[in-house]
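Reproduced below: model.txt, with compact mmCIF, C-alpha atoms.
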# COMPACT_ATOMS: atom_id res chain seq x y z
CA GLN A 1 8.23 -20.72 70.33
CA LYS A 2 11.41 -20.79 72.40
CA LYS A 3 14.39 -22.32 70.63
CA LEU A 4 16.57 -24.73 72.57
CA PRO A 5 20.24 -25.33 71.88
CA ARG A 6 21.04 -28.74 70.50
CA PHE A 7 24.53 -30.16 70.43
CA LEU A 8 25.61 -32.68 67.85
CA LEU A 9 28.88 -34.58 68.10
CA TYR A 10 29.51 -35.45 64.49
CA ASP A 11 31.87 -38.07 63.15
CA LYS A 12 32.23 -37.09 59.48
CA ASN A 13 33.24 -34.08 57.45
CA LEU A 14 30.49 -31.63 56.57
CA GLU A 15 31.11 -32.12 52.85
CA SER A 16 29.72 -35.65 53.17
CA ASP A 17 26.27 -34.03 52.92
CA HIS A 18 24.69 -36.55 55.24
CA SER A 19 20.92 -36.42 55.02
CA PHE A 20 20.32 -36.36 58.79
CA ILE A 21 22.74 -33.46 59.31
CA ILE A 22 22.04 -31.27 56.31
CA ASN A 23 18.34 -31.84 55.64
CA PHE A 24 17.10 -32.42 59.18
CA LEU A 25 19.29 -30.52 61.64
CA LEU A 26 20.47 -27.54 59.61
CA LYS A 27 17.89 -26.70 56.94
CA LYS A 28 14.55 -24.93 57.51
CA ASN A 29 14.71 -25.57 61.23
CA ILE A 30 12.59 -23.27 63.42
CA PHE A 31 12.44 -25.42 66.55
CA PHE A 32 15.99 -25.57 67.92
CA LYS A 33 19.50 -24.26 67.47
CA VAL A 34 22.42 -26.50 66.61
CA ILE A 35 26.03 -26.46 67.65
CA LEU A 36 27.74 -28.91 65.33
CA LEU A 37 31.18 -30.43 65.91
CA CYS A 38 32.65 -31.99 62.75
CA GLU A 39 35.92 -33.01 61.15
CA SER A 40 38.11 -30.17 59.96
CA ASN A 41 39.17 -31.48 56.51
CA ASP A 42 38.68 -28.59 54.04
CA LEU A 43 36.68 -26.55 56.53
CA LYS A 44 39.08 -24.52 58.68
CA LYS A 45 36.97 -21.80 60.30
CA LYS A 46 33.76 -21.99 62.25
CA ILE A 47 30.54 -21.13 60.42
CA VAL A 48 27.94 -18.99 62.17
CA ASN A 49 24.30 -18.92 61.10
CA LYS A 50 21.25 -17.67 63.00
CA ASN A 51 20.16 -21.26 63.65
CA TYR A 52 23.50 -23.07 63.90
CA ILE A 53 27.23 -22.78 64.59
CA ILE A 54 29.65 -25.27 63.06
CA TYR A 55 32.99 -25.98 64.74
CA PRO A 56 35.41 -28.00 62.54
CA ILE A 57 37.53 -29.21 65.46
CA LEU A 58 37.53 -33.01 65.13
CA LYS A 59 39.89 -35.30 63.25
CA LYS A 60 39.08 -38.14 60.88
CA ARG A 61 38.15 -41.30 62.79
CA TYR A 62 41.37 -43.28 62.55
CA PHE A 63 43.18 -45.02 65.41
CA LEU A 64 44.48 -42.42 67.92
CA ASN A 65 42.39 -39.71 66.28
CA ARG A 66 39.39 -41.26 68.02
CA ILE A 67 41.02 -40.61 71.42
CA TYR A 68 41.83 -37.06 70.29
CA ASN A 69 38.17 -36.53 69.38
CA LEU A 70 37.03 -37.96 72.71
CA VAL A 71 39.22 -35.46 74.61
CA LYS A 72 38.20 -32.59 72.30
CA ILE A 73 34.50 -33.32 72.80
CA TYR A 74 34.90 -33.64 76.57
CA PHE A 75 36.65 -30.28 77.03
CA PHE A 76 34.45 -28.47 74.50
CA LEU A 77 31.34 -29.51 76.43
CA LYS A 78 32.99 -28.75 79.78
CA LYS A 79 33.74 -25.21 78.65
CA LEU A 80 30.25 -24.82 77.21
CA LYS A 81 28.57 -26.05 80.40
CA LYS A 82 30.58 -23.58 82.46
CA LYS A 83 29.69 -20.73 80.13
CA GLU A 84 25.96 -21.43 79.73
CA ASN A 85 25.19 -23.06 83.08
CA LYS A 86 21.93 -24.60 81.85
CA LYS A 87 20.53 -27.85 80.46
CA LEU A 88 22.30 -29.15 77.38
CA ASN A 89 20.71 -31.33 74.72
CA ILE A 90 23.66 -33.44 73.57
CA LEU A 91 23.16 -35.59 70.48
CA VAL A 92 25.74 -38.16 69.37
CA ARG A 93 25.45 -39.85 65.98
CA ASN A 94 26.79 -43.37 65.36
CA ASP A 95 29.92 -43.04 67.50
CA PRO A 96 30.03 -44.95 70.83
CA LEU A 97 33.35 -43.36 71.85
CA ALA A 98 31.91 -39.86 71.34
CA LEU A 99 28.88 -40.97 73.35
CA LEU A 100 31.22 -42.03 76.16
CA GLY A 101 32.84 -38.57 76.13
CA ALA A 102 29.46 -36.85 76.22
CA TYR A 103 28.27 -39.09 79.06
CA LEU A 104 31.37 -38.43 81.19
CA ILE A 105 30.80 -34.64 81.10
CA SER A 106 26.99 -34.58 81.16
CA GLY A 107 25.12 -33.84 84.37
CA ASN A 108 21.80 -35.07 85.74
CA LYS A 109 19.84 -32.25 84.15
CA ASP A 110 21.45 -32.65 80.69
CA ASN A 111 19.60 -34.48 77.95
CA LEU A 112 21.71 -37.17 76.25
CA ILE A 113 20.53 -38.46 72.85
CA TYR A 114 22.02 -41.23 70.70
CA GLN A 115 21.15 -41.63 67.01
CA SER A 116 22.11 -44.76 65.10
CA SER A 117 21.55 -45.59 61.43
CA PHE A 118 22.58 -49.25 61.54
CA PRO A 119 24.89 -51.50 63.61
CA HIS A 120 28.33 -50.15 62.70
CA GLU A 121 29.88 -52.48 65.28
CA LEU A 122 29.34 -55.35 62.84
CA SER A 123 31.49 -53.84 60.06
CA ASN A 124 34.86 -54.55 61.74
CA LYS A 125 35.59 -57.24 64.35
CA ILE A 126 38.28 -55.35 66.29
CA LYS A 127 36.48 -52.01 66.22
CA GLY A 128 33.22 -53.81 66.92
CA PHE A 129 34.66 -55.45 70.05
CA PHE A 130 35.59 -52.07 71.58
CA GLN A 131 32.25 -50.55 70.58
CA LYS A 132 30.39 -53.42 72.25
CA MET A 133 32.46 -52.89 75.42
CA ILE A 134 31.47 -49.20 75.45
CA PHE A 135 27.80 -50.11 74.96
CA LEU A 136 28.09 -52.59 77.83
CA PHE A 137 29.60 -49.90 80.10
CA LEU A 138 26.81 -47.46 79.15
CA GLN A 139 23.90 -49.89 79.16
CA ASP A 140 22.29 -48.55 82.36
CA ILE A 141 22.39 -44.84 81.49
CA LYS A 142 19.18 -42.89 81.00
CA ILE A 143 19.27 -41.77 77.43
CA ASN A 144 16.97 -40.85 74.55
CA ILE A 145 17.36 -43.01 71.45
CA ILE A 146 16.71 -42.33 67.76
CA SER A 147 16.97 -44.65 64.77
CA VAL A 148 16.08 -44.51 61.09
CA SER A 149 13.77 -47.54 61.20
CA ASP A 150 11.55 -49.53 63.57
CA LEU A 151 13.98 -52.44 63.44
CA GLY A 152 16.92 -50.16 64.27
CA LEU A 153 15.02 -48.72 67.22
CA LYS A 154 14.35 -52.22 68.54
CA ARG A 155 18.11 -52.86 68.54
CA LEU A 156 18.77 -49.63 70.49
CA THR A 157 16.21 -50.52 73.16
CA LYS A 158 18.23 -53.69 73.82
CA LEU A 159 21.50 -51.73 74.05
CA PHE A 160 19.94 -49.13 76.38
CA PRO A 161 17.11 -50.89 78.28
CA LYS A 162 16.71 -47.90 80.65
CA PHE A 163 16.13 -45.41 77.80
CA LYS A 164 13.93 -42.37 78.48
CA LYS A 165 12.22 -41.70 75.14
CA LYS A 166 12.55 -43.17 71.67
CA MET A 167 11.86 -41.97 68.14
CA VAL A 168 12.14 -43.13 64.55
CA ILE A 169 13.45 -40.34 62.33
CA PRO A 170 14.01 -41.44 58.71
CA LEU A 171 16.45 -39.85 56.31
CA PHE A 172 15.51 -36.96 54.02
CA SER A 173 16.25 -35.44 50.64
CA ASP A 174 16.41 -31.86 49.37
CA PHE A 175 16.64 -32.92 45.72
CA LYS A 176 14.42 -30.99 43.35
CA ARG A 177 12.21 -32.68 40.80
CA SER A 178 12.54 -31.01 37.42
CA LYS A 179 9.19 -29.65 36.25
CA LYS A 180 10.44 -29.36 32.70
CA ASN A 181 10.00 -32.12 30.19
CA ILE A 182 13.51 -33.50 29.79
CA LYS A 183 13.89 -34.70 26.24
CA LYS A 184 17.15 -36.59 25.91
CA LYS A 185 18.05 -39.50 23.69
CA ILE A 186 18.97 -41.74 26.63
CA ARG A 187 17.10 -42.35 29.90
CA TYR A 188 18.69 -44.05 32.90
CA ILE A 189 18.02 -46.88 35.30
CA THR A 190 20.13 -45.52 38.13
CA TYR A 191 21.96 -46.78 41.20
CA VAL A 192 23.35 -44.09 43.54
CA GLY A 193 25.48 -44.91 46.56
CA SER A 194 28.32 -46.93 48.00
CA HIS A 195 30.22 -49.31 45.70
CA SER A 196 32.05 -51.00 48.58
CA LYS A 197 32.67 -54.73 48.67
CA LEU A 198 29.82 -55.19 51.16
CA ARG A 199 27.32 -53.81 48.62
CA ASN A 200 28.23 -56.62 46.19
CA LEU A 201 27.34 -54.68 43.02
CA GLN A 202 28.97 -57.37 40.88
CA PHE A 203 26.03 -59.57 41.89
CA ILE A 204 23.65 -56.85 40.62
CA ILE A 205 25.58 -56.57 37.34
CA ASP A 206 25.25 -60.34 36.85
CA ALA A 207 21.48 -60.10 37.43
CA ILE A 208 21.23 -57.25 34.90
CA LYS A 209 23.09 -59.36 32.33
CA ILE A 210 20.49 -62.12 32.76
CA PHE A 211 17.80 -59.50 32.14
CA LEU A 212 19.57 -58.13 29.05
CA LYS A 213 20.05 -61.56 27.47
CA LYS A 214 16.28 -61.90 27.30
CA ASN A 215 15.19 -58.28 26.81
CA GLN A 216 18.05 -56.68 24.87
CA ASN A 217 15.98 -55.58 21.85
CA GLN A 218 13.22 -54.03 23.93
CA PHE A 219 15.81 -52.30 26.09
CA LYS A 220 17.43 -50.81 22.98
CA GLN A 221 14.09 -49.59 21.64
CA LYS A 222 13.35 -47.73 24.85
CA LYS A 223 16.80 -46.07 24.67
CA LEU A 224 17.74 -46.96 28.23
CA LYS A 225 21.08 -47.40 29.98
CA PHE A 226 22.13 -48.53 33.44
CA LEU A 227 23.87 -45.74 35.35
CA PHE A 228 25.95 -46.40 38.48
CA ILE A 229 27.07 -43.36 40.50
CA GLY A 230 29.44 -43.36 43.48
CA SER A 231 32.45 -45.58 42.75
CA ASN A 232 36.13 -44.93 43.19
CA LYS A 233 38.55 -45.73 40.35
CA ASN A 234 39.27 -49.35 41.36
CA GLU A 235 35.62 -50.18 41.98
CA LYS A 236 34.71 -48.72 38.60
CA ILE A 237 37.29 -50.87 36.76
CA LYS A 238 36.03 -54.05 38.46
CA LEU A 239 32.43 -53.35 37.48
CA ILE A 240 33.34 -52.47 33.89
CA ASN A 241 35.19 -55.79 33.57
CA ARG A 242 32.13 -57.59 34.93
CA CYS A 243 29.87 -56.25 32.15
CA ASN A 244 31.49 -58.42 29.43
CA ASN A 245 29.62 -58.17 26.12
CA PHE A 246 26.97 -55.86 27.60
CA ARG A 247 29.39 -53.00 28.36
CA LYS A 248 27.61 -50.59 25.97
CA TYR A 249 24.49 -50.66 28.16
CA PHE A 250 26.32 -49.39 31.27
CA ILE A 251 27.65 -46.02 32.41
CA PHE A 252 29.82 -45.75 35.54
CA ILE A 253 30.47 -42.40 37.21
CA GLU A 254 32.79 -41.89 40.17
CA ARG A 255 31.68 -39.94 43.25
CA ILE A 256 30.18 -36.56 42.39
CA LYS A 257 28.52 -33.73 44.33
CA LYS A 258 24.90 -34.00 45.34
CA ASN A 259 23.62 -31.32 42.96
CA LYS A 260 25.07 -33.27 40.01
CA VAL A 261 23.41 -36.46 41.26
CA ASN A 262 20.13 -34.53 41.28
CA ASN A 263 20.64 -33.65 37.59
CA TYR A 264 21.11 -37.30 36.65
CA LEU A 265 18.05 -38.35 38.65
CA ASN A 266 15.94 -35.90 36.69
CA ASN A 267 16.72 -38.02 33.63
CA THR A 268 16.11 -41.33 35.42
CA CYS A 269 13.04 -43.55 34.98
CA LEU A 270 13.88 -46.25 37.57
CA GLY A 271 15.95 -46.19 40.76
CA ILE A 272 17.85 -49.21 42.07
CA SER A 273 17.94 -49.99 45.79
CA ILE A 274 18.89 -53.66 45.94
CA ILE A 275 20.94 -54.24 49.09
CA PRO A 276 22.60 -57.43 50.37
CA PRO A 277 20.39 -58.78 53.19
CA ILE A 278 23.27 -59.05 55.67
CA GLU A 279 22.73 -58.22 59.34
CA MET A 280 24.37 -54.80 59.11
CA TYR A 281 21.92 -53.59 56.45
CA LEU A 282 18.64 -55.13 57.62
CA GLN A 283 17.89 -52.06 59.80
CA ALA A 284 18.87 -49.48 57.17
CA CYS A 285 16.84 -46.61 55.74
CA PRO A 286 18.71 -46.10 52.42
CA THR A 287 19.06 -42.41 51.55
CA LYS A 288 18.92 -43.27 47.85
CA ILE A 289 15.26 -44.34 48.20
CA ILE A 290 14.25 -40.94 49.57
CA GLU A 291 16.23 -39.19 46.83
CA TYR A 292 14.55 -41.27 44.11
CA MET A 293 11.09 -40.52 45.51
CA SER A 294 11.80 -36.79 45.76
CA CYS A 295 12.46 -36.83 42.00
CA GLU A 296 9.31 -38.90 41.32
CA ILE A 297 11.18 -42.06 40.33
CA PRO A 298 9.73 -45.58 40.86
CA ILE A 299 12.19 -47.98 42.50
CA ILE A 300 13.21 -51.62 42.26
CA LEU A 301 13.83 -52.87 45.83
CA ASN A 302 14.53 -56.15 47.58
CA LYS A 303 12.05 -56.86 50.35
CA GLU A 304 14.52 -58.52 52.79
CA ILE A 305 15.37 -54.99 54.03
CA HIS A 306 12.61 -54.14 56.53
CA PHE A 307 12.22 -50.47 55.57
CA GLN A 308 12.03 -51.36 51.87
CA LYS A 309 9.43 -54.06 52.49
CA GLU A 310 7.22 -51.53 54.27
CA ILE A 311 7.32 -48.82 51.60
CA LEU A 312 6.71 -51.34 48.82
CA LYS A 313 3.18 -51.55 50.25
CA GLU A 314 2.66 -47.96 49.03
CA GLY A 315 2.87 -48.98 45.36
CA ILE A 316 6.10 -47.13 44.60
CA GLY A 317 7.98 -49.80 42.66
CA TYR A 318 8.96 -53.37 41.95
CA SER A 319 9.56 -56.01 44.61
CA VAL A 320 12.44 -58.49 44.27
CA ILE A 321 14.53 -60.69 46.52
CA TRP A 322 18.33 -61.03 46.69
CA ASN A 323 18.43 -63.46 43.81
CA LYS A 324 19.74 -62.87 40.27
CA LYS A 325 16.70 -64.33 38.51
CA SER A 326 14.34 -62.38 40.76
CA ILE A 327 16.17 -59.12 40.03
CA ALA A 328 16.12 -59.86 36.29
CA LYS A 329 12.37 -60.55 36.51
CA GLY A 330 11.82 -57.30 38.44
CA LEU A 331 13.55 -55.33 35.67
CA GLU A 332 11.41 -57.12 33.09
CA ASN A 333 8.28 -56.18 35.07
CA PHE A 334 9.38 -52.55 34.86
CA ILE A 335 9.89 -52.72 31.09
CA LEU A 336 6.43 -54.25 30.55
CA ASP A 337 4.55 -52.26 33.23
CA LYS A 338 1.40 -50.52 31.96
CA LYS A 339 0.84 -48.90 35.37
CA TYR A 340 4.27 -47.29 35.54
CA PHE A 341 2.92 -43.74 35.77
CA ILE A 342 0.72 -44.65 38.76
CA LYS A 343 3.85 -45.85 40.59
CA LYS A 344 5.59 -42.64 39.53
CA GLN A 345 2.84 -40.51 41.09
CA ASN A 346 2.83 -42.65 44.24
CA THR A 347 6.54 -41.98 44.88
CA LEU A 348 6.10 -38.21 45.10
CA LYS A 349 2.92 -38.52 47.17
CA LEU A 350 4.68 -40.76 49.69
CA PHE A 351 7.73 -38.48 49.80
CA LYS A 352 5.60 -35.42 50.62
CA LYS A 353 3.52 -37.30 53.16
CA LYS A 354 6.16 -39.17 55.18
CA PHE A 355 9.55 -37.58 54.53
CA ASN A 356 8.99 -33.94 55.47
CA PRO A 357 11.76 -32.96 57.94
CA GLN A 358 9.67 -30.17 59.53
CA ILE A 359 7.21 -32.75 60.91
CA TYR A 360 10.03 -34.59 62.69
CA GLN A 361 11.75 -31.38 63.83
CA LYS A 362 8.57 -30.43 65.67
CA GLU A 363 8.15 -33.94 67.07
CA ILE A 364 11.69 -34.17 68.46
CA TYR A 365 11.35 -30.68 69.92
CA GLU A 366 8.13 -31.58 71.75
CA LYS A 367 8.97 -35.18 72.65
CA ILE A 368 12.67 -35.09 73.55
CA LEU A 369 14.15 -31.58 73.71
CA ILE A 370 11.67 -29.96 76.15
Let me see the structure of the file written as structure tokens.
Amino acid sequence: QKKLPRFLLYDKNLESDHSFIINFLLKKNIFFKVILLCESNDLKKKIVNKNYIIYPILKKRYFLNRIYNLVKIYFFLKKLKKKENKKLNILVRNDPLALLGAYLISGNKDNLIYQSSFPHELSNKIKGFFQKMIFLFLQDIKINIISVSDLGLKRLTKLFPKFKKKMVIPLFSDFKRSKKNIKKKIRYITYVGSHSKLRNLQFIIDAIKIFLKKNQNQFKQKKLKFLFIGSNKNEKIKLINRCNNFRKYFIFIERIKKNKVNNYLNNTCLGISIIPPIEMYLQACPTKIIEYMSCEIPIILNKEIHFQKEILKEGIGYSVIWNKKSIAKGLENFILDKKYFIKKQNTLKLFKKKFNPQIYQKEIYEKILI
């Protein structure tokens, strides 16, 4: 099968280990080659692999750096087009300004693709205004669109009504489930991910305290603790202060590398994916869910998030809404659940069935790249 080049204009550093980049584009890919442009940060030299080349030539997305990246992308693609003189598959992820640069240099025979996880333009009013202006300028272009959820794809079809082809590609995980019986004194109920103000984890802590007031003895007997991974120092202090008299039941760990997260998940019996149902998150496909399922962990999820509502139908966890009493009740349902191991088996089955990157690599190759 002939491999086609694929060009990704990437807006983060490679060390961020983003699921779409690492687990979909770069790993175990037999259908296309990748030329990846990313931030330099700690990576100073290009990396060459048989299936991909990584150029760390971009700067972190701040103020004038965005203009620098736009110019860098434009001239990189111009040079590449001159050298190869053939159709380019140009993929831009979550960055309207980078999309503008790619559009300005692309020709009629080039294949432009835009992937969006959720509406970033809603996170900042000033930045959002300029992003909306770019989308307005580009609204009539013929482009392929990719999102992580059906709801996200619906949004993209409104931004680009003259799109060519569309696809939903979820996020993926390369975490390994431990096949050994882990016998430790403490097991975790774990949250992995952003601790930013928008995530409102203090609300989750309050809900957990309601649960603990009623179920403290049972919780002790089961030797469980709540584990939160991914904070910075200030966020960690705020959450610790929020715990009050229940501090001994919580563990807070600052940001760590993915392989260490995997180790903690192999000692986890319940994953937390309770997300504020604000407009920016309604279209999300949370990576943490896929990571939990890859380690055979049932999940407590709020059903206001469309993607979470859909996978709850597969019997992989406990349904709640964004309400403290509902969250507390969901945790109580977990503690009392006699069908826990059925949910545990369902998570791994669903992960293997629907979150295999090779299936989507083949689909994007056949549907969009050729």
(message) Counting only C-alpha atoms, find residues at most 12 Å from (30.8, -55.9, 54.1) (file frame) and give them as number ranges by chain.
(response) A: 120-125, 194-201, 275-281
How close does each residue of stretch 111-201 of chain A get to stretch 252-271 of chain A, giving the shortest atom pair and distance in Å to one decimal for every residue with an atom at most 9 Å away, counting all atoms listed in the file, sorted by chain and residue number, as CSV?
residue,atom,partner,partner_atom,distance
A:Phe175,CA,A:Asn262,CA,5.9
A:Lys176,CA,A:Asn262,CA,7.0
A:Arg177,CA,A:Asn266,CA,6.4
A:Ser178,CA,A:Asn266,CA,6.0
A:Ile182,CA,A:Asn267,CA,6.7
A:Lys183,CA,A:Asn267,CA,8.6
A:Lys184,CA,A:Asn267,CA,7.9
A:Ile186,CA,A:Asn267,CA,8.2
A:Arg187,CA,A:Thr268,CA,5.7
A:Tyr188,CA,A:Thr268,CA,4.5
A:Ile189,CA,A:Leu270,CA,4.8
A:Thr190,CA,A:Gly271,CA,5.0
A:Tyr191,CA,A:Gly271,CA,6.1
A:Val192,CA,A:Val261,CA,8.0
A:Gly193,CA,A:Arg255,CA,8.6
Could you name the residues that touch A:Lys109 at 10 Å or less, counting all atoms listed in the file, but leaving out those on the same chain fewer than 6 positions away, as a short mmCIF file (atom, residue, chain, number, x, y, z; two decimals) with C-alpha atoms, in the frame of the given file?
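Contents of the output file part.cif:
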data_model
loop_
_atom_site.label_atom_id
_atom_site.label_comp_id
_atom_site.auth_asym_id
_atom_site.auth_seq_id
_atom_site.Cartn_x
_atom_site.Cartn_y
_atom_site.Cartn_z
CA LYS A 86 21.93 -24.60 81.85
CA LYS A 87 20.53 -27.85 80.46
CA LEU A 88 22.30 -29.15 77.38
CA ASN A 89 20.71 -31.33 74.72
#
Contacts of stretch 191-294 of chain A with stretch 350-364 of chain A up to 7 Å, shortest pair per row, all atoms listed in the file, as JSON lines:
{"residue": "A:Ile290", "atom": "CA", "partner": "A:Phe351", "partner_atom": "CA", "distance": 7.0}
{"residue": "A:Met293", "atom": "CA", "partner": "A:Phe351", "partner_atom": "CA", "distance": 5.8}
{"residue": "A:Ser294", "atom": "CA", "partner": "A:Phe351", "partner_atom": "CA", "distance": 6.0}
(request) Return the single residue from A:Tyr103, A:Trp322, A:Phe129, A:Phe250 that is closest to A:Ile143, with distances computed using all atoms listed in the file. (result)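 Nearest to A:Ile143: A:Tyr103.
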(message) Just the number, please: distance in Å from atom CA of A:Lys46 to atom CA of A:Gly101, one decimal.
(response)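 These atoms are spaced 21.6 Å apart.
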(request) Calculate how many Å separate atom CA of A:Leu91 from atom CA of A:Lys288, rounding to one decimal. (result)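 For atom CA of A:Leu91 relative to atom CA of A:Lys288, the distance reads 24.3 Å.
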(request) For A:Cys285, list every protein, DNA or RNA residue within 10 Å, evaluated using all atoms listed in the file, and leave out those in the same chain fewer than 2 positions away; present the list as a PyMOL selection string. (result) chain A and resi 117-118+147-150+152+169-172+281-283+287-290+305-308
